file structure-v9.cif (mmCIF, C-alpha atoms and all ligand atoms)
data_protein
loop_
_atom_site.label_atom_id
_atom_site.label_comp_id
_atom_site.auth_asym_id
_atom_site.auth_seq_id
_atom_site.Cartn_x
_atom_site.Cartn_y
_atom_site.Cartn_z
CA MET A 26 128.91 110.49 97.67
CA SER A 27 125.50 111.92 98.40
CA ARG A 28 124.52 114.73 100.76
CA PHE A 29 121.44 112.66 101.65
CA LYS A 30 120.82 109.75 103.99
CA PHE A 31 118.87 106.99 102.24
CA THR A 32 116.28 104.57 103.60
CA ALA A 33 114.05 101.80 102.28
CA GLY A 34 111.46 99.45 103.71
CA PRO A 35 111.64 95.67 103.95
CA TRP A 36 108.76 95.65 101.41
CA ASN A 37 111.06 97.20 98.83
CA VAL A 38 112.82 93.87 98.44
CA HIS A 39 109.87 91.63 97.81
CA GLU A 40 108.90 88.32 96.33
CA GLY A 41 107.44 89.88 93.19
CA ALA A 42 103.79 88.84 93.46
CA ASP A 43 101.41 91.28 91.78
CA ALA A 44 97.64 91.52 91.31
CA PHE A 45 97.86 89.03 88.44
CA GLY A 46 100.51 86.54 89.41
CA PRO A 47 102.25 84.70 92.22
CA GLU A 48 105.64 85.18 93.89
CA VAL A 49 108.72 84.83 91.70
CA ARG A 50 111.57 85.33 94.19
CA LYS A 51 112.51 83.72 97.47
CA THR A 52 111.67 85.35 100.80
CA ILE A 53 114.60 87.10 102.46
CA SER A 54 114.79 87.41 106.24
CA ILE A 55 114.66 90.87 107.80
CA GLU A 56 118.20 90.48 109.14
CA GLU A 57 119.56 89.59 105.70
CA LYS A 58 117.79 92.66 104.28
CA PHE A 59 119.31 94.92 106.97
CA LYS A 60 122.79 93.56 106.22
CA LYS A 61 122.41 94.17 102.51
CA PHE A 62 120.78 97.60 103.04
CA LYS A 63 123.88 98.68 104.93
CA GLU A 64 126.20 97.25 102.26
CA ILE A 65 124.50 99.14 99.42
CA GLY A 66 124.69 102.45 101.29
CA LEU A 67 121.39 102.89 103.11
CA SER A 68 121.45 104.67 106.49
CA GLY A 69 118.10 103.53 107.76
CA VAL A 70 115.00 101.40 107.47
CA GLN A 71 111.32 102.31 107.16
CA PHE A 72 108.85 100.05 108.92
CA HIS A 73 105.24 99.11 108.91
CA ASP A 74 104.26 98.27 112.48
CA ASP A 75 104.01 94.57 111.63
CA ASP A 76 107.27 94.54 109.64
CA ALA A 77 108.84 95.19 113.05
CA VAL A 78 106.41 93.12 115.12
CA PRO A 79 104.68 90.44 113.02
CA ASP A 80 101.53 89.00 114.58
CA MET A 81 101.17 92.07 116.83
CA ASN A 82 97.37 91.74 116.88
CA ASN A 83 97.75 88.69 119.06
CA MET A 84 100.31 90.19 121.44
CA SER A 85 100.09 92.24 124.63
CA ILE A 86 101.58 95.74 124.70
CA GLU A 87 104.51 94.43 126.75
CA GLU A 88 105.14 91.61 124.24
CA ILE A 89 105.01 94.11 121.36
CA LYS A 90 107.57 96.35 123.07
CA ALA A 91 109.87 93.40 123.78
CA GLU A 92 109.78 92.33 120.13
CA ALA A 93 110.46 95.92 119.01
CA ALA A 94 113.52 95.94 121.29
CA ASN A 95 114.86 92.86 119.44
CA VAL A 96 114.48 94.69 116.13
CA LYS A 97 116.25 97.73 117.58
CA ALA A 98 119.17 95.50 118.57
CA LEU A 99 119.31 94.18 115.01
CA LEU A 100 119.33 97.72 113.60
CA ASP A 101 122.18 98.62 115.97
CA LYS A 102 124.11 95.51 114.91
CA TYR A 103 124.16 96.77 111.31
CA GLY A 104 124.59 100.48 112.12
CA LEU A 105 121.15 101.42 110.79
CA VAL A 106 118.48 103.72 112.21
CA ALA A 107 114.69 103.55 111.94
CA GLU A 108 113.19 106.38 109.88
CA PHE A 109 109.50 105.82 110.61
CA VAL A 110 106.82 103.37 111.60
CA ALA A 111 103.55 103.20 109.65
CA PRO A 112 100.48 101.34 110.95
CA ARG A 113 99.50 98.86 108.25
CA LEU A 114 95.81 99.69 108.17
CA TRP A 115 94.92 97.98 104.94
CA MET A 116 95.58 94.23 105.28
CA ASP A 117 93.47 93.34 108.28
CA SER A 118 89.85 92.18 108.25
CA HIS A 119 89.17 95.07 110.67
CA THR A 120 90.14 97.63 108.01
CA THR A 121 88.20 96.33 105.00
CA ASP A 122 86.10 99.52 105.02
CA GLY A 123 88.98 101.75 106.17
CA GLY A 124 90.67 102.37 109.51
CA PHE A 125 90.21 105.81 111.03
CA THR A 126 87.28 106.52 108.68
CA SER A 127 85.56 103.14 108.76
CA ASN A 128 81.80 103.12 109.21
CA SER A 129 82.30 100.61 112.03
CA ALA A 130 83.10 102.01 115.50
CA GLU A 131 84.85 98.75 116.42
CA ASP A 132 87.08 98.95 113.35
CA ARG A 133 87.94 102.59 114.09
CA GLU A 134 88.95 101.54 117.57
CA PHE A 135 91.17 98.81 116.10
CA ALA A 136 92.83 101.39 113.79
CA MET A 137 93.52 103.63 116.78
CA TRP A 138 94.98 100.70 118.72
CA ARG A 139 97.38 99.98 115.84
CA ALA A 140 98.29 103.66 115.50
CA LEU A 141 99.16 103.93 119.21
CA ARG A 142 101.10 100.65 119.10
CA SER A 143 103.02 102.07 116.10
CA ILE A 144 104.04 104.95 118.37
CA ASP A 145 105.16 102.50 121.08
CA ILE A 146 107.22 100.61 118.48
CA ALA A 147 108.68 103.82 117.02
CA LYS A 148 109.84 105.01 120.45
CA ILE A 149 111.67 101.74 121.04
CA LEU A 150 113.21 101.80 117.56
CA GLY A 151 114.46 105.32 118.37
CA CYS A 152 112.41 107.38 115.93
CA ASP A 153 109.67 109.98 116.26
CA ASN A 154 108.06 109.71 112.83
CA ILE A 155 104.76 107.96 112.23
CA VAL A 156 103.72 107.70 108.58
CA LEU A 157 100.08 107.38 107.62
CA TRP A 158 99.54 106.01 104.16
CA LEU A 159 95.76 106.22 104.10
CA ALA A 160 95.24 103.27 101.79
CA ARG A 161 91.62 102.67 102.70
CA GLU A 162 90.59 106.09 104.05
CA GLY A 163 88.05 107.04 101.44
CA THR A 164 85.41 105.11 99.60
CA LEU A 165 84.82 102.33 97.12
CA CYS A 166 81.24 103.56 96.79
CA ALA A 167 81.10 107.36 96.90
CA GLU A 168 77.87 107.45 98.87
CA SER A 169 79.02 104.96 101.52
CA LYS A 170 80.69 107.57 103.77
CA SER A 171 80.13 111.22 104.52
CA PRO A 172 83.38 112.84 103.33
CA VAL A 173 83.11 115.62 105.93
CA GLU A 174 82.63 113.11 108.74
CA GLY A 175 85.48 110.98 107.33
CA ILE A 176 87.94 113.86 107.19
CA ASN A 177 86.93 114.95 110.72
CA ARG A 178 87.50 111.39 111.92
CA LEU A 179 90.94 111.42 110.37
CA ILE A 180 91.78 114.72 112.11
CA SER A 181 90.61 113.47 115.50
CA ALA A 182 92.59 110.22 115.11
CA ILE A 183 95.72 112.28 114.42
CA ASN A 184 94.95 114.46 117.46
CA LYS A 185 94.80 111.34 119.65
CA MET A 186 98.21 110.30 118.33
CA LEU A 187 99.66 113.75 119.05
CA GLU A 188 98.23 113.64 122.57
CA TYR A 189 99.55 110.12 123.21
CA ASP A 190 103.16 111.20 122.76
CA LYS A 191 104.48 114.75 122.95
CA ASP A 192 107.42 114.18 120.58
CA ILE A 193 105.85 112.11 117.88
CA LYS A 194 105.42 113.60 114.40
CA VAL A 195 102.69 112.37 112.07
CA LEU A 196 103.53 112.41 108.36
CA ILE A 197 100.70 111.77 105.92
CA GLU A 198 101.67 110.11 102.62
CA SER A 199 99.20 111.41 100.05
CA LYS A 200 98.02 109.11 97.26
CA PRO A 201 95.18 109.77 94.84
CA ASN A 202 94.27 106.27 93.67
CA GLU A 203 93.83 104.32 96.87
CA PRO A 204 91.16 103.55 97.92
CA ILE A 205 90.78 102.76 94.23
CA ASP A 206 87.54 104.74 94.00
CA ARG A 207 87.90 107.94 96.07
CA SER A 208 90.63 109.03 98.46
CA PHE A 209 90.13 111.56 101.28
CA CYS A 210 93.76 112.77 101.18
CA PRO A 211 94.97 112.61 97.57
CA THR A 212 97.59 115.38 97.39
CA ILE A 213 100.01 117.41 99.47
CA GLY A 214 97.58 120.32 99.51
CA HIS A 215 95.03 118.10 101.25
CA VAL A 216 97.70 116.98 103.73
CA MET A 217 98.59 120.60 104.55
CA ALA A 218 94.93 121.41 105.19
CA VAL A 219 94.51 118.40 107.50
CA SER A 220 97.73 119.39 109.28
CA ALA A 221 96.45 122.93 109.87
CA ALA A 222 93.25 121.56 111.43
CA THR A 223 95.02 119.44 114.07
CA ILE A 224 95.88 120.46 117.63
CA ASP A 225 99.61 120.79 116.79
CA PRO A 226 100.17 121.56 113.10
CA LYS A 227 103.95 121.79 113.59
CA ARG A 228 103.98 118.06 114.28
CA VAL A 229 101.89 117.04 111.28
CA GLY A 230 103.65 116.98 107.94
CA ALA A 231 103.86 115.09 104.68
CA VAL A 232 105.63 112.34 102.79
CA LEU A 233 105.68 113.00 99.08
CA GLU A 234 106.04 109.96 96.84
CA SER A 235 107.02 110.83 93.25
CA ALA A 236 104.66 108.26 91.70
CA HIS A 237 101.72 109.36 93.82
CA ALA A 238 102.09 112.94 92.56
CA ILE A 239 102.31 111.71 88.97
CA LEU A 240 99.17 109.61 89.47
CA ALA A 241 97.39 112.78 90.66
CA GLY A 242 98.52 114.51 87.44
CA LEU A 243 100.84 116.75 89.48
CA ASP A 244 104.54 117.52 89.36
CA PRO A 245 106.47 115.75 92.17
CA ALA A 246 108.97 118.63 92.56
CA ILE A 247 106.19 121.19 93.00
CA GLU A 248 104.41 118.92 95.48
CA MET A 249 107.69 118.69 97.45
CA ALA A 250 108.09 122.47 97.20
CA PHE A 251 104.56 123.00 98.49
CA ALA A 252 105.29 121.05 101.69
CA LEU A 253 108.77 122.63 101.98
CA THR A 254 107.18 126.08 101.89
CA PHE A 255 105.40 125.28 105.16
CA GLY A 256 108.39 123.47 106.69
CA LYS A 257 106.41 120.23 106.51
CA LEU A 258 108.23 117.87 104.16
CA GLY A 259 109.06 115.14 106.66
CA SER A 260 110.15 112.52 104.14
CA VAL A 261 110.10 111.65 100.46
CA HIS A 262 109.52 108.41 98.63
CA LEU A 263 111.49 108.71 95.44
CA ASN A 264 110.46 106.46 92.58
CA ASP A 265 108.97 106.78 89.10
CA GLN A 266 105.79 105.98 87.21
CA ASN A 267 104.94 105.50 83.57
CA GLY A 268 101.72 107.46 83.17
CA LEU A 269 98.34 106.78 84.69
CA ARG A 270 98.64 103.07 85.28
CA TYR A 271 98.62 100.64 88.14
CA ASP A 272 101.03 101.84 90.87
CA GLN A 273 104.46 100.88 89.53
CA ASP A 274 107.14 101.99 92.05
CA LYS A 275 109.74 102.08 89.28
CA SER A 276 113.36 102.97 90.00
CA PHE A 277 113.91 106.68 90.56
CA GLY A 278 114.47 108.58 87.29
CA SER A 279 113.82 105.54 85.11
CA GLU A 280 110.93 107.25 83.28
CA ASN A 281 111.57 110.98 83.41
CA ILE A 282 115.08 112.27 84.10
CA ARG A 283 114.10 115.95 83.91
CA SER A 284 111.40 115.44 86.52
CA ALA A 285 113.87 113.47 88.67
CA PHE A 286 116.40 116.31 88.29
CA ASN A 287 113.84 118.87 89.42
CA GLN A 288 113.00 116.76 92.48
CA ILE A 289 116.66 116.57 93.52
CA LYS A 290 117.13 120.27 92.70
CA VAL A 291 114.23 121.36 94.91
CA LEU A 292 115.55 119.19 97.76
CA CYS A 293 119.11 120.53 97.40
CA ASP A 294 118.06 124.17 96.91
CA ASN A 295 115.95 124.05 100.08
CA ASN A 296 118.51 122.23 102.21
CA TYR A 297 116.33 119.17 102.68
CA GLY A 298 117.94 116.88 105.23
CA ALA A 299 119.29 119.68 107.42
CA ASN A 300 116.79 118.78 110.15
CA GLY A 301 117.44 115.05 109.89
CA GLU A 302 114.99 114.32 107.07
CA MET A 303 115.94 111.27 105.05
CA VAL A 304 115.44 110.21 101.44
CA GLY A 305 113.23 107.15 101.23
CA LEU A 306 113.32 105.00 98.12
CA ASP A 307 109.91 103.41 97.63
CA VAL A 308 110.95 101.35 94.63
CA LYS A 309 110.19 97.75 93.73
CA ALA A 310 112.16 95.38 91.54
CA MET A 311 110.59 94.26 88.29
CA ARG A 312 108.86 90.92 88.46
CA THR A 313 111.40 89.60 85.97
CA GLN A 314 114.35 90.27 88.26
CA LYS A 315 116.15 87.17 89.56
CA ASP A 316 117.13 86.47 93.18
CA ASP A 317 120.84 87.05 92.65
CA ASP A 318 120.45 90.74 91.80
CA CYS A 319 117.26 91.68 93.64
CA TYR A 320 118.60 94.91 95.23
CA ARG A 321 119.57 96.43 91.85
CA HIS A 322 116.55 98.80 91.77
CA LEU A 323 117.72 100.34 95.08
CA ILE A 324 121.33 100.58 93.91
CA ASN A 325 120.20 102.20 90.63
CA SER A 326 117.98 104.69 92.48
CA ILE A 327 120.79 105.78 94.82
CA LYS A 328 123.12 106.16 91.83
CA MET A 329 120.52 108.26 90.01
CA VAL A 330 120.17 110.61 93.00
CA GLU A 331 123.96 110.96 93.17
CA MET A 332 124.29 111.65 89.44
CA LEU A 333 121.54 114.28 89.65
CA GLU A 334 123.14 115.90 92.70
CA ALA A 335 126.26 116.31 90.55
CA LYS A 336 124.13 117.97 87.85
CA VAL A 337 122.60 120.31 90.46
CA ALA A 338 126.13 121.22 91.61
CA LYS A 339 127.11 121.99 87.99
CA PHE A 340 123.96 124.02 87.35
CA ASP A 341 124.99 127.47 86.09
CA LYS A 342 123.05 129.89 88.32
CA ALA A 343 124.49 132.96 86.54
CA PHE A 344 123.20 131.67 83.20
CA GLU A 345 119.84 130.94 84.80
CA ALA A 346 119.69 134.52 86.16
CA LYS A 347 120.58 135.92 82.72
CA CYS A 348 117.83 133.85 81.04
CA ILE A 349 115.31 134.95 83.65
CA ALA A 350 116.31 138.63 83.30
CA GLU A 351 115.86 138.36 79.53
CA ARG A 352 112.70 136.22 79.90
CA ASN A 353 114.44 133.78 77.59
CA TYR A 354 113.00 130.54 78.90
CA GLU A 355 113.65 128.69 75.62
CA ALA A 356 117.36 129.26 76.27
CA LEU A 357 116.97 128.11 79.88
CA GLU A 358 115.10 124.96 78.86
CA GLY A 359 117.69 124.19 76.18
CA TYR A 360 120.44 124.58 78.77
CA ILE A 361 118.72 122.15 81.18
CA LEU A 362 118.36 119.51 78.47
CA GLU A 363 122.02 119.92 77.50
CA LEU A 364 123.09 119.70 81.15
CA LEU A 365 121.18 116.45 81.52
CA MET A 366 122.39 114.95 78.23
CA ASN A 367 126.10 115.72 78.75
C1 LIG A 401 101.87 102.69 98.88
C2 LIG A 401 103.05 103.17 99.50
C3 LIG A 401 103.42 102.53 100.78
C4 LIG A 401 103.82 103.48 101.83
C5 LIG A 401 104.16 102.88 103.15
O1 LIG A 401 101.68 103.15 97.63
O2 LIG A 401 103.74 103.99 98.94
O3 LIG A 401 104.48 101.67 100.54
O4 LIG A 401 104.94 104.17 101.39
O5 LIG A 401 103.14 102.16 103.67
MN MN A 402 105.41 105.15 99.58
#
call {"tool": "encode", "arguments": {"input": "structure-v9.cif", "output": "structure tokens", "more": "lines below"}}
Ligand code: XUL
Ligand code: MN
result
Amino acid sequence: MSRFKFTAGPWNVHEGADAFGPEVRKTISIEEKFKKFKEIGLSGVQFHDDDAVPDMNNMSIEEIKAEAANVKALLDKYGLVAEFVAPRLWMDSHTTDGGFTSNSAEDREFAMWRALRSIDIAKILGCDNIVLWLAREGTLCAESKSPVEGINRLISAINKMLEYDKDIKVLIESKPNEPIDRSFCPTIGHVMAVSAATIDPKRVGAVLESAHAILAGLDPAIEMAFALTFGKLGSVHLNDQNGLRYDQDKSFGSENIRSAFNQIKVLCDNNYGANGEMVGLDVKAMRTQKDDDCYRHLINSIKMVEMLEAKVAKFDKAFEAKCIAERNYEALEGYILELLMN
């Protein structure tokens, strides 16, 4: 049993298409995913706005809210909660050049409309977290946007969200390699600075995804710790990544068990979850995986967290203190490797 509550998004059980090849698995309905999520031990679901309300661009606000209420009923049916809603500001023709930071005023207005509708949807799903993964907020051509103007536009968009609803929290998910040229918010440090510049910094925090930290050449546990220091780690996306490659979303701990251990250790040591924070698993099945076992990457990731929690519980703090007092970090490192291998 874990101390954490786990979540995943409908996109984490996907058809397997990648940049170089077509779908390899059948499409699963959202209800079937909810049912299976519950069975494998998840407590909640993460949503993009249009995961909850497909075709929302062509709907009135009242129609959007009615559809969100149907999804809420489905969550209730399976005993699941919603963890967050994220406006999907990267698929639409209006967001080709970015959403909040687009050079087009009309496109920026569209991005704001989606962000406010995400808040409407979140309220009906019973959650206060809005996640911003800023997939296209940056440049493909460095000179195409003023970075200062872009970052100011991002801050004022967040301010409008904070003003729209007094309870909503905005969590920025940093990622260094999207847009694929230059990102305006690549790391947790950038997120903390943007948070501090908003009208209500207490309501603007971060989501740290393990792979995104690795892609920035940073340590995921330290990135988590950085946000925890300011009380601003609103969620995590645990996964793994094999070096500086195309975004992989591998199962948690599948590449680097010591790094995975340190992520779980920093979460446990700092009582992550005590204020309702959940552990998101942003993992994707390998393209080779067949339909009949297409939730295995989620099951494996939960199991890895649980096994590492057991290692954290076994961790000999007295031995750690002795090593630190003697400045014998070789002994401490040897102990960690032994703990993980046994
Ligand atoms: C992209 C990513 C997204 C966000 C949610 O790399 O991690 O899945 O987590 O939009
Ligand atoms: Mn993610």
call {"tool": "residues_near_ligand", "arguments": {"input": "structure-v9.cif", "ligand": "ligand MN 402 (chain A)", "cutoff": "12 Å", "atoms": "all atoms listed in the file", "output": "PyMOL selection string"}}
result
chain A and resi 32-34+36-37+71-73+109+111+156-160+196-200+203+231-238+260-265+272-275+304-309
call {"tool": "closest_residue", "arguments": {"input": "structure-v9.cif", "among": "A:Pro204, A:Ala136, A:Met186, A:Ala98", "to": "ligand LIG 401 (chain A)", "atoms": "all atoms listed in the file"}}
result
A:Pro204
call {"tool": "closest_residue", "arguments": {"input": "structure-v9.cif", "among": "A:Thr164, A:Gln266, A:Thr52, A:Gln314", "to": "ligand LIG 401 (chain A)", "atoms": "all atoms listed in the file"}}
result
A:Gln266
call {"tool": "atom_distance", "arguments": {"input": "structure-v9.cif", "atom1": "atom CA of A:Trp138", "atom2": "atom CA of A:Met81"}}
result
10.8 Å
call {"tool": "residues_around", "arguments": {"input": "structure-v9.cif", "residues": "A:Glu174", "least_positions_apart": "4", "cutoff": "12 Å", "atoms": "only C-alpha atoms", "output": "PyMOL selection string"}}
result
chain A and resi 125-128+162-163+169-170+178-181+209
call {"tool": "atom_distance", "arguments": {"input": "structure-v9.cif", "atom1": "atom CA of A:His215", "atom2": "atom CA of A:Asp76"}}
result
27.8 Å
call {"tool": "decode", "arguments": {"input": "structure-v9.cif", "residues": "stretch 46-64 of chain A", "atoms": "N, CA, C and O atoms", "output": "mmCIF file, in the first residue's frame"}}
result
data_model
loop_
_atom_site.group_PDB
_atom_site.id
_atom_site.type_symbol
_atom_site.label_atom_id
_atom_site.label_comp_id
_atom_site.auth_asym_id
_atom_site.auth_seq_id
_atom_site.Cartn_x
_atom_site.Cartn_y
_atom_site.Cartn_z
ATOM 1 N N GLY A 46 5.086 6.904 -36.992
ATOM 2 C CA GLY A 46 4.237 5.775 -37.373
ATOM 3 C C GLY A 46 2.833 5.889 -36.846
ATOM 4 O O GLY A 46 2.560 6.662 -35.918
ATOM 5 N N PRO A 47 1.932 5.095 -37.433
ATOM 6 C CA PRO A 47 0.508 5.207 -37.119
ATOM 7 C C PRO A 47 0.120 4.488 -35.824
ATOM 8 O O PRO A 47 0.961 3.888 -35.144
ATOM 9 N N GLU A 48 -1.168 4.517 -35.529
ATOM 10 C CA GLU A 48 -1.701 3.854 -34.329
ATOM 11 C C GLU A 48 -1.481 2.341 -34.399
ATOM 12 O O GLU A 48 -1.517 1.757 -35.481
ATOM 13 N N VAL A 49 -1.270 1.743 -33.227
ATOM 14 C CA VAL A 49 -1.043 0.297 -33.175
ATOM 15 C C VAL A 49 -2.010 -0.405 -32.216
ATOM 16 O O VAL A 49 -2.020 -1.627 -32.136
ATOM 17 N N ARG A 50 -2.783 0.375 -31.457
ATOM 18 C CA ARG A 50 -3.740 -0.225 -30.517
ATOM 19 C C ARG A 50 -5.117 0.396 -30.726
ATOM 20 O O ARG A 50 -5.236 1.504 -31.237
ATOM 21 N N LYS A 51 -6.130 -0.353 -30.269
ATOM 22 C CA LYS A 51 -7.493 0.147 -30.485
ATOM 23 C C LYS A 51 -7.800 1.299 -29.510
ATOM 24 O O LYS A 51 -7.186 1.400 -28.449
ATOM 25 N N THR A 52 -8.759 2.127 -29.907
ATOM 26 C CA THR A 52 -9.181 3.239 -29.054
ATOM 27 C C THR A 52 -10.058 2.694 -27.929
ATOM 28 O O THR A 52 -10.910 1.839 -28.159
ATOM 29 N N ILE A 53 -9.837 3.203 -26.736
ATOM 30 C CA ILE A 53 -10.618 2.763 -25.573
ATOM 31 C C ILE A 53 -11.476 3.939 -25.124
ATOM 32 O O ILE A 53 -10.984 5.076 -25.053
ATOM 33 N N SER A 54 -12.738 3.686 -24.825
ATOM 34 C CA SER A 54 -13.631 4.785 -24.426
ATOM 35 C C SER A 54 -13.205 5.330 -23.062
ATOM 36 O O SER A 54 -12.562 4.638 -22.265
ATOM 37 N N ILE A 55 -13.612 6.580 -22.798
ATOM 38 C CA ILE A 55 -13.210 7.211 -21.540
ATOM 39 C C ILE A 55 -13.801 6.448 -20.351
ATOM 40 O O ILE A 55 -13.145 6.259 -19.325
ATOM 41 N N GLU A 56 -15.014 5.928 -20.502
ATOM 42 C CA GLU A 56 -15.612 5.186 -19.388
ATOM 43 C C GLU A 56 -14.828 3.905 -19.102
ATOM 44 O O GLU A 56 -14.562 3.575 -17.940
ATOM 45 N N GLU A 57 -14.432 3.209 -20.164
ATOM 46 C CA GLU A 57 -13.651 1.979 -19.961
ATOM 47 C C GLU A 57 -12.311 2.303 -19.272
ATOM 48 O O GLU A 57 -11.845 1.563 -18.396
ATOM 49 N N LYS A 58 -11.712 3.434 -19.645
ATOM 50 C CA LYS A 58 -10.452 3.835 -18.998
ATOM 51 C C LYS A 58 -10.684 4.129 -17.513
ATOM 52 O O LYS A 58 -9.898 3.693 -16.657
ATOM 53 N N PHE A 59 -11.757 4.849 -17.190
ATOM 54 C CA PHE A 59 -12.056 5.156 -15.780
ATOM 55 C C PHE A 59 -12.177 3.857 -14.977
ATOM 56 O O PHE A 59 -11.650 3.729 -13.875
ATOM 57 N N LYS A 60 -12.920 2.910 -15.550
ATOM 58 C CA LYS A 60 -13.185 1.639 -14.853
ATOM 59 C C LYS A 60 -11.865 0.931 -14.544
ATOM 60 O O LYS A 60 -11.616 0.477 -13.428
ATOM 61 N N LYS A 61 -11.019 0.883 -15.560
ATOM 62 C CA LYS A 61 -9.737 0.200 -15.403
ATOM 63 C C LYS A 61 -8.804 0.998 -14.470
ATOM 64 O O LYS A 61 -8.077 0.413 -13.662
ATOM 65 N N PHE A 62 -8.839 2.321 -14.567
ATOM 66 C CA PHE A 62 -8.016 3.152 -13.668
ATOM 67 C C PHE A 62 -8.331 2.802 -12.216
ATOM 68 O O PHE A 62 -7.444 2.655 -11.381
ATOM 69 N N LYS A 63 -9.614 2.697 -11.924
ATOM 70 C CA LYS A 63 -10.020 2.383 -10.549
ATOM 71 C C LYS A 63 -9.490 0.997 -10.156
ATOM 72 O O LYS A 63 -8.916 0.819 -9.074
ATOM 73 N N GLU A 64 -9.678 0.046 -11.052
ATOM 74 C CA GLU A 64 -9.253 -1.343 -10.778
ATOM 75 C C GLU A 64 -7.759 -1.449 -10.470
ATOM 76 O O GLU A 64 -7.339 -2.216 -9.617
#
